[in-house]
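Asks: The structure that follows is given in the form of C-alpha cells.
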Amino acid sequence: MPITQSQPSRIPLKALERWRAAAQLVAARWERFLHTEPEMRIFAYASYVAALDSEEAAAADLAALARPAAA
C-alpha cells in the first residue's frame, strides 16, 4: 500500500485515542473502588492500579510520538 499524507497523522491520533481510553478506564475503576464492599476492595484497588499502569504506558507511547514533532 502506498504511503499517503494522511497515514502518518493517524499514528499519533491512535496513540491519543489509546491514552484517552486508558484514562477513562482509570476513572471507571476508581469509581468502582469507591463503591465496592470492604471485603472486595483489595481486588478493586488492584484493578485500579493495573489501569493506572496501562494509562502510564499509553502516555509514554504518546510522549514518544510527540517528541519528534516538537523538535
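In the C-alpha cells, the first chain shown is A, the next is B, and so on; residue numbers restart at 1 for each chain, and ligands run from 1 in the order shown.
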As a list in words, please: the residues near region 58-61 of chain A (cut-off 7 Å, only C-alpha atoms, same-chain neighbours under 5 positions excluded).
Replies: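 My reading of the contact set: Ala15, Arg18 and Trp19 of chain A.
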Asks: Suppose we keep N, CA and C atoms; can you now write the selection as a PDB file, in the first residue's frame?
Replies:
```pdb
ATOM      1  N   ALA A  15      -2.615   6.782  19.027  1.00  0.00           N
ATOM      2  CA  ALA A  15      -1.965   6.792  20.344  1.00  0.00           C
ATOM      3  C   ALA A  15      -2.746   7.668  21.317  1.00  0.00           C
ATOM      4  N   ARG A  18      -5.802   5.757  22.356  1.00  0.00           N
ATOM      5  CA  ARG A  18      -5.457   4.710  23.340  1.00  0.00           C
ATOM      6  C   ARG A  18      -5.260   5.322  24.724  1.00  0.00           C
ATOM      7  N   TRP A  19      -4.582   6.471  24.784  1.00  0.00           N
ATOM      8  CA  TRP A  19      -4.378   7.120  26.081  1.00  0.00           C
ATOM      9  C   TRP A  19      -5.706   7.566  26.683  1.00  0.00           C
TER      10      TRP A  19
END
```
Asks: Here is a test: counting only C-alpha atoms, which residue of A:Arg32, A:Arg20, A:Lys14, A:Arg67 is nearest to Glu55 (chain A)?
Replies: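 Of A:Arg32, A:Arg20, A:Lys14, A:Arg67, the one nearest Glu55 (chain A), counting only C-alpha atoms, is A:Arg20.
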Asks: Within 7 Å of Tyr48 (chain A), counting only C-alpha atoms, which residues qualify if same-chain residues fewer than 5 places away don't, as a list in words?
Replies: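 Answer for this query is Val26, Arg29 and Trp30 of chain A.
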Asks: May I have the selected residues written with N, CA and C atoms, as a tab-separated table (two decimals), in the first residue's frame?
Replies:
```
chain	number	residue	atom	x	y	z
A	26	VAL	N	-9.21	4.27	33.97
A	26	VAL	CA	-8.73	4.63	35.31
A	26	VAL	C	-9.88	5.25	36.11
A	29	ARG	N	-12.50	2.58	37.00
A	29	ARG	CA	-12.04	1.65	38.04
A	29	ARG	C	-11.95	2.33	39.40
A	30	TRP	N	-11.63	3.62	39.43
A	30	TRP	CA	-11.61	4.35	40.70
A	30	TRP	C	-13.03	4.45	41.26
```
Asks: Just how far from CA of Ile42 (chain A) is CA of Ala23 (chain A), in Å to one decimal?
Replies: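 Calculated distance between CA of Ala23 (chain A) and CA of Ile42 (chain A) is 20.7 Å.
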